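Participant: Sharing target.cif (mmCIF, C-alpha atoms and all ligand atoms; chains and numbers go by the auth columns) below.
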data_query
#
loop_
_atom_site.group_PDB
_atom_site.id
_atom_site.type_symbol
_atom_site.label_atom_id
_atom_site.label_comp_id
_atom_site.label_asym_id
_atom_site.label_seq_id
_atom_site.Cartn_x
_atom_site.Cartn_y
_atom_site.Cartn_z
_atom_site.B_iso_or_equiv
_atom_site.auth_seq_id
_atom_site.auth_asym_id
ATOM 1 C CA MET A 1 102.060 92.752 87.783 0.00 1 A
ATOM 2 C CA GLN A 2 99.873 95.587 88.974 0.00 2 A
ATOM 3 C CA GLN A 3 100.327 99.340 88.973 0.00 3 A
ATOM 4 C CA THR A 4 99.088 101.923 91.473 0.00 4 A
ATOM 5 C CA LEU A 5 99.405 105.669 91.961 0.00 5 A
ATOM 6 C CA SER A 6 101.188 107.196 94.928 0.00 6 A
ATOM 7 C CA ILE A 7 101.387 110.884 95.861 0.00 7 A
ATOM 8 C CA ILE A 8 103.902 112.064 98.436 0.00 8 A
ATOM 9 C CA LYS A 9 101.985 115.022 99.850 0.00 9 A
ATOM 10 C CA PRO A 10 103.264 118.577 100.563 0.00 10 A
ATOM 11 C CA ASP A 11 103.904 117.881 104.286 0.00 11 A
ATOM 12 C CA ALA A 12 106.264 114.970 103.556 0.00 12 A
ATOM 13 C CA VAL A 13 108.002 116.829 100.708 0.00 13 A
ATOM 14 C CA LYS A 14 108.562 119.830 103.047 0.00 14 A
ATOM 15 C CA LYS A 15 109.985 117.523 105.748 0.00 15 A
ATOM 16 C CA GLY A 16 112.498 116.086 103.266 0.00 16 A
ATOM 17 C CA VAL A 17 111.403 112.475 103.670 0.00 17 A
ATOM 18 C CA VAL A 18 110.770 111.679 99.980 0.00 18 A
ATOM 19 C CA GLY A 19 113.813 109.379 99.833 0.00 19 A
ATOM 20 C CA LYS A 20 112.841 107.565 103.035 0.00 20 A
ATOM 21 C CA ILE A 21 109.315 106.961 101.701 0.00 21 A
ATOM 22 C CA ILE A 22 110.590 105.730 98.318 0.00 22 A
ATOM 23 C CA ASP A 23 112.912 103.355 100.203 0.00 23 A
ATOM 24 C CA ARG A 24 109.850 101.787 101.870 0.00 24 A
ATOM 25 C CA PHE A 25 108.432 101.010 98.424 0.00 25 A
ATOM 26 C CA GLU A 26 111.641 99.724 96.872 0.00 26 A
ATOM 27 C CA SER A 27 112.517 97.626 99.930 0.00 27 A
ATOM 28 C CA ASN A 28 109.105 95.976 99.743 0.00 28 A
ATOM 29 C CA GLY A 29 108.993 94.942 96.098 0.00 29 A
ATOM 30 C CA LEU A 30 107.378 98.034 94.569 0.00 30 A
ATOM 31 C CA ARG A 31 109.262 99.467 91.606 0.00 31 A
ATOM 32 C CA ILE A 32 109.075 103.147 90.572 0.00 32 A
ATOM 33 C CA ALA A 33 107.731 102.915 87.006 0.00 33 A
ATOM 34 C CA ALA A 34 107.235 106.705 86.662 0.00 34 A
ATOM 35 C CA THR A 35 107.724 109.791 88.800 0.00 35 A
ATOM 36 C CA LYS A 36 107.481 113.578 88.682 0.00 36 A
ATOM 37 C CA LYS A 37 107.464 116.495 91.101 0.00 37 A
ATOM 38 C CA LEU A 38 104.786 119.124 90.582 0.00 38 A
ATOM 39 C CA TRP A 39 102.806 121.845 92.302 0.00 39 A
ATOM 40 C CA LEU A 40 99.112 121.130 91.804 0.00 40 A
ATOM 41 C CA SER A 41 96.743 123.959 90.929 0.00 41 A
ATOM 42 C CA LYS A 42 93.425 124.280 92.792 0.00 42 A
ATOM 43 C CA CYS A 43 91.694 123.108 89.624 0.00 43 A
ATOM 44 C CA GLU A 44 93.879 119.974 89.321 0.00 44 A
ATOM 45 C CA ALA A 45 93.537 119.058 93.012 0.00 45 A
ATOM 46 C CA SER A 46 89.738 119.549 92.899 0.00 46 A
ATOM 47 C CA LYS A 47 89.526 117.356 89.814 0.00 47 A
ATOM 48 C CA PHE A 48 91.756 114.648 91.267 0.00 48 A
ATOM 49 C CA TYR A 49 89.732 114.493 94.502 0.00 49 A
ATOM 50 C CA ALA A 50 86.321 115.069 92.819 0.00 50 A
ATOM 51 C CA VAL A 51 84.997 111.891 94.455 0.00 51 A
ATOM 52 C CA HIS A 52 85.204 113.749 97.822 0.00 52 A
ATOM 53 C CA LYS A 53 83.597 117.012 96.601 0.00 53 A
ATOM 54 C CA ASP A 54 80.564 116.726 98.897 0.00 54 A
ATOM 55 C CA ARG A 55 82.586 115.780 101.997 0.00 55 A
ATOM 56 C CA PRO A 56 83.068 118.440 104.691 0.00 56 A
ATOM 57 C CA PHE A 57 86.848 118.165 104.429 0.00 57 A
ATOM 58 C CA PHE A 58 86.989 118.809 100.651 0.00 58 A
ATOM 59 C CA ASN A 59 88.033 122.501 100.752 0.00 59 A
ATOM 60 C CA ASP A 60 90.714 121.869 103.374 0.00 60 A
ATOM 61 C CA LEU A 61 91.966 118.899 101.344 0.00 61 A
ATOM 62 C CA VAL A 62 92.333 120.999 98.170 0.00 62 A
ATOM 63 C CA GLU A 63 93.948 123.828 100.157 0.00 63 A
ATOM 64 C CA PHE A 64 96.441 121.413 101.692 0.00 64 A
ATOM 65 C CA MET A 65 97.272 119.566 98.465 0.00 65 A
ATOM 66 C CA THR A 66 98.089 122.890 96.768 0.00 66 A
ATOM 67 C CA SER A 67 100.176 124.248 99.688 0.00 67 A
ATOM 68 C CA GLY A 68 103.469 123.019 98.167 0.00 68 A
ATOM 69 C CA PRO A 69 104.993 120.596 95.685 0.00 69 A
ATOM 70 C CA VAL A 70 104.062 116.909 95.627 0.00 70 A
ATOM 71 C CA VAL A 71 105.869 113.892 94.181 0.00 71 A
ATOM 72 C CA VAL A 72 103.651 111.588 92.144 0.00 72 A
ATOM 73 C CA MET A 73 104.675 108.065 91.237 0.00 73 A
ATOM 74 C CA VAL A 74 103.469 104.972 89.492 0.00 74 A
ATOM 75 C CA LEU A 75 104.406 101.966 91.627 0.00 75 A
ATOM 76 C CA GLU A 76 104.555 98.549 90.024 0.00 76 A
ATOM 77 C CA GLY A 77 104.682 95.098 91.572 0.00 77 A
ATOM 78 C CA GLU A 78 102.698 92.063 92.608 0.00 78 A
ATOM 79 C CA ASN A 79 99.439 93.159 94.294 0.00 79 A
ATOM 80 C CA ALA A 80 100.715 96.746 94.123 0.00 80 A
ATOM 81 C CA VAL A 81 97.406 98.357 95.152 0.00 81 A
ATOM 82 C CA VAL A 82 97.011 96.376 98.377 0.00 82 A
ATOM 83 C CA LYS A 83 100.724 96.264 99.152 0.00 83 A
ATOM 84 C CA ASN A 84 100.994 100.053 98.817 0.00 84 A
ATOM 85 C CA ARG A 85 98.014 100.566 101.141 0.00 85 A
ATOM 86 C CA GLU A 86 99.554 98.216 103.705 0.00 86 A
ATOM 87 C CA LEU A 87 102.819 100.161 103.581 0.00 87 A
ATOM 88 C CA MET A 88 100.941 103.496 103.904 0.00 88 A
ATOM 89 C CA GLY A 89 98.854 102.555 106.951 0.00 89 A
ATOM 90 C CA ALA A 90 95.456 103.983 107.946 0.00 90 A
ATOM 91 C CA THR A 91 94.324 107.387 106.610 0.00 91 A
ATOM 92 C CA ASP A 92 94.440 108.825 110.144 0.00 92 A
ATOM 93 C CA PRO A 93 98.049 108.445 111.356 0.00 93 A
ATOM 94 C CA LYS A 94 96.753 108.012 114.935 0.00 94 A
ATOM 95 C CA GLN A 95 95.127 104.771 113.762 0.00 95 A
ATOM 96 C CA ALA A 96 98.038 103.691 111.546 0.00 96 A
ATOM 97 C CA GLU A 97 99.971 100.575 112.510 0.00 97 A
ATOM 98 C CA LYS A 98 103.510 101.035 113.842 0.00 98 A
ATOM 99 C CA GLY A 99 106.132 100.965 111.095 0.00 99 A
ATOM 100 C CA THR A 100 103.787 102.216 108.358 0.00 100 A
ATOM 101 C CA ILE A 101 104.569 105.355 106.357 0.00 101 A
ATOM 102 C CA ARG A 102 101.766 107.380 107.926 0.00 102 A
ATOM 103 C CA ALA A 103 102.598 106.249 111.474 0.00 103 A
ATOM 104 C CA ASP A 104 106.217 107.291 110.935 0.00 104 A
ATOM 105 C CA PHE A 105 105.910 110.452 108.816 0.00 105 A
ATOM 106 C CA ALA A 106 102.366 111.900 109.048 0.00 106 A
ATOM 107 C CA ASP A 107 101.061 114.495 111.514 0.00 107 A
ATOM 108 C CA SER A 108 97.266 114.436 111.098 0.00 108 A
ATOM 109 C CA ILE A 109 94.441 113.093 108.937 0.00 109 A
ATOM 110 C CA ASP A 110 94.861 116.180 106.703 0.00 110 A
ATOM 111 C CA ALA A 111 98.661 116.242 106.602 0.00 111 A
ATOM 112 C CA ASN A 112 98.924 112.479 106.217 0.00 112 A
ATOM 113 C CA ALA A 113 102.110 112.290 104.104 0.00 113 A
ATOM 114 C CA ILE A 114 100.851 110.122 101.285 0.00 114 A
ATOM 115 C CA HIS A 115 97.974 109.152 99.018 0.00 115 A
ATOM 116 C CA GLY A 116 97.550 105.763 97.363 0.00 116 A
ATOM 117 C CA SER A 117 94.897 104.417 94.985 0.00 117 A
ATOM 118 C CA ASP A 118 92.255 102.344 96.782 0.00 118 A
ATOM 119 C CA SER A 119 91.404 99.906 93.943 0.00 119 A
ATOM 120 C CA ILE A 120 92.778 98.671 90.623 0.00 120 A
ATOM 121 C CA GLU A 121 90.046 100.602 88.806 0.00 121 A
ATOM 122 C CA ASN A 122 90.889 103.879 90.580 0.00 122 A
ATOM 123 C CA ALA A 123 94.612 103.220 90.114 0.00 123 A
ATOM 124 C CA ASN A 124 94.112 103.175 86.340 0.00 124 A
ATOM 125 C CA ILE A 125 92.103 106.414 86.458 0.00 125 A
ATOM 126 C CA GLU A 126 94.581 108.143 88.797 0.00 126 A
ATOM 127 C CA ILE A 127 97.647 107.020 86.805 0.00 127 A
ATOM 128 C CA ALA A 128 96.095 108.376 83.597 0.00 128 A
ATOM 129 C CA PHE A 129 95.392 111.675 85.414 0.00 129 A
ATOM 130 C CA PHE A 130 99.132 112.328 85.857 0.00 130 A
ATOM 131 C CA PHE A 131 101.035 110.239 83.333 0.00 131 A
ATOM 132 C CA SER A 132 100.965 109.499 79.622 0.00 132 A
ATOM 133 C CA LYS A 133 101.722 105.922 78.504 0.00 133 A
ATOM 134 C CA ARG A 134 105.221 106.848 77.308 0.00 134 A
ATOM 135 C CA GLU A 135 106.170 108.282 80.717 0.00 135 A
ATOM 136 C CA ILE A 136 105.601 104.891 82.400 0.00 136 A
ATOM 137 C CA LEU A 137 108.629 102.624 82.057 0.00 137 A
HETATM 138 P P1 LIG B . 93.822 110.515 100.806 0.00 201 A
HETATM 139 O O1 LIG B . 94.183 109.081 100.804 0.00 201 A
HETATM 140 O O2 LIG B . 94.672 111.443 100.017 0.00 201 A
HETATM 141 O O3 LIG B . 92.297 110.678 100.304 0.00 201 A
HETATM 142 C C1 LIG B . 91.493 111.776 100.673 0.00 201 A
HETATM 143 C C2 LIG B . 92.101 112.582 101.772 0.00 201 A
HETATM 144 O O4 LIG B . 91.205 113.408 102.516 0.00 201 A
HETATM 145 C C3 LIG B . 92.675 111.659 102.829 0.00 201 A
HETATM 146 O O5 LIG B . 93.827 111.023 102.320 0.00 201 A
HETATM 147 C C4 LIG B . 92.902 112.616 103.996 0.00 201 A
HETATM 148 O O6 LIG B . 94.149 113.267 103.934 0.00 201 A
HETATM 149 C C5 LIG B . 91.806 113.681 103.779 0.00 201 A
HETATM 150 N N1 LIG B . 90.787 113.633 104.845 0.00 201 A
HETATM 151 C C6 LIG B . 90.533 114.624 105.731 0.00 201 A
HETATM 152 N N2 LIG B . 89.542 114.271 106.569 0.00 201 A
HETATM 153 C C7 LIG B . 89.154 113.026 106.220 0.00 201 A
HETATM 154 C C8 LIG B . 88.177 112.114 106.710 0.00 201 A
HETATM 155 N N3 LIG B . 87.387 112.411 107.737 0.00 201 A
HETATM 156 N N4 LIG B . 88.062 110.893 106.106 0.00 201 A
HETATM 157 C C9 LIG B . 88.855 110.566 105.041 0.00 201 A
HETATM 158 N N5 LIG B . 89.787 111.406 104.528 0.00 201 A
HETATM 159 C C10 LIG B . 89.952 112.620 105.110 0.00 201 A
#
Write out the structure in this file as structure tokens.
Facilitator:
Amino acid sequence: MQQTLSIIKPDAVKKGVVGKIIDRFESNGLRIAATKKLWLSKCEASKFYAVHKDRPFFNDLVEFMTSGPVVVMVLEGENAVVKNRELMGATDPKQAEKGTIRADFADSIDANAIHGSDSIENANIEIAFFFSKREIL
């Protein structure tokens, strides 16, 4: 069993598609082991995305991620990291395969509906960023 972190971003929360996105996970063998809704501060978003701090899109990314509430989740299942990324589709929804979350719910590379950890190592770091051990069931 593996765990990974998922964030339903402000665009998808505003559109009211949280339930539809969660259904994609649950219908494909990923269990919700933890979840919470929160509004990230600029400081939290900058810290979470620190790996991108020198990229030209960093300021826009932080601005966008703090533009409204997000829903963060720990997903658990076999090969959860890879499976989640398959379900999400490519970062740029224009490149995302038909039937993926980003192809169906995202508008642009900035407002791309969802974030998912890209490796087991980063999943552990990202999960610990949002959740304590006792919040993960
Ligand atoms: P996410 O998976 O949350 O990780 C970093 C985010 O930066 C990414 O999704 C995109 O929403 C955003 N982003 C904006 N421009 C780019 C880009 N050129 N390459 C990668 N990510 C980008």
Participant: Residues up to 10 Å from ligand LIG 201 (chain A), counting all atoms listed in the file: could you list those as number ranges by chain?
Facilitator: A: 6-9, 48-52, 55-62, 64-65, 85, 88, 90-93, 106, 108-118
Participant: So how many Å separate atom CA of A:Phe129 and atom CA of A:Phe105, to one decimal?
Facilitator: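 Atom-to-atom, atom CA of A:Phe129 and atom CA of A:Phe105 are spaced 25.7 Å apart.
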Participant: From the list A:Ile21, A:Leu30, A:Val70, A:Leu75, which residue is nearest A:Asn124 when using all atoms listed in the file?
Facilitator: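 Of all the options, A:Leu75 lies closest to A:Asn124.
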Participant: For the file shown, report as number ranges by chain the outcome of the PyMOL selection byres (((chain A and resi 31-45) around 9) and not hetatm) at residue level.
Facilitator: A: 3, 10, 22, 25-26, 28-30, 46-50, 61-63, 65-77, 130-131, 135-137
Participant: Taking every listed atom of stretch 126-135 of chain A and adding 5 Å to each side, what centre and edge lengths in Å (one decimal) does the axis-aligned box have, as AutoDock Vina command-line options?
Facilitator:
--center_x 100.4 --center_y 109.1 --center_z 83.1 --size_x 21.6 --size_y 16.4 --size_z 21.5
Participant: For the atom pair atom CA of A:Ala80 and atom CA of A:Val17, what is the interatomic distance in Å to one decimal place?
Facilitator: 21.3 Å
Participant: Quick check, in Å to one decimal: how far apart do atom CA of A:Leu5 and atom CA of A:Gln95 lie?
Facilitator: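 Between atom CA of A:Leu5 and atom CA of A:Gln95 the gap works out to 22.2 Å.
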Participant: Which is closer to A:Val82 than all the others in A:Asp104, A:Ile120, A:Ile125, A:Lys98, using only C-alpha atoms?
Facilitator: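 Of A:Asp104, A:Ile120, A:Ile125, A:Lys98, the one nearest A:Val82, counting only C-alpha atoms, is A:Ile120.
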Participant: With the file shown as input, list the residues that the PyMOL selection byres (((chain A and resi 87) around 8) and not hetatm) selects, as a list in words.
Facilitator: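 Applied to this file, the PyMOL selection byres (((chain A and resi 87) around 8) and not hetatm) returns Arg24, Phe25, Lys83, Asn84, Arg85, Glu86, Met88, Gly89, Thr100 and Ile101 of chain A.
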Participant: Calculated over only C-alpha atoms, which of the candidates A:Arg102, A:Asp11, A:Arg134, A:Val81 has the smallest distance to A:Asn122?
Facilitator: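 Among the listed residues, A:Val81 lies closest to A:Asn122.
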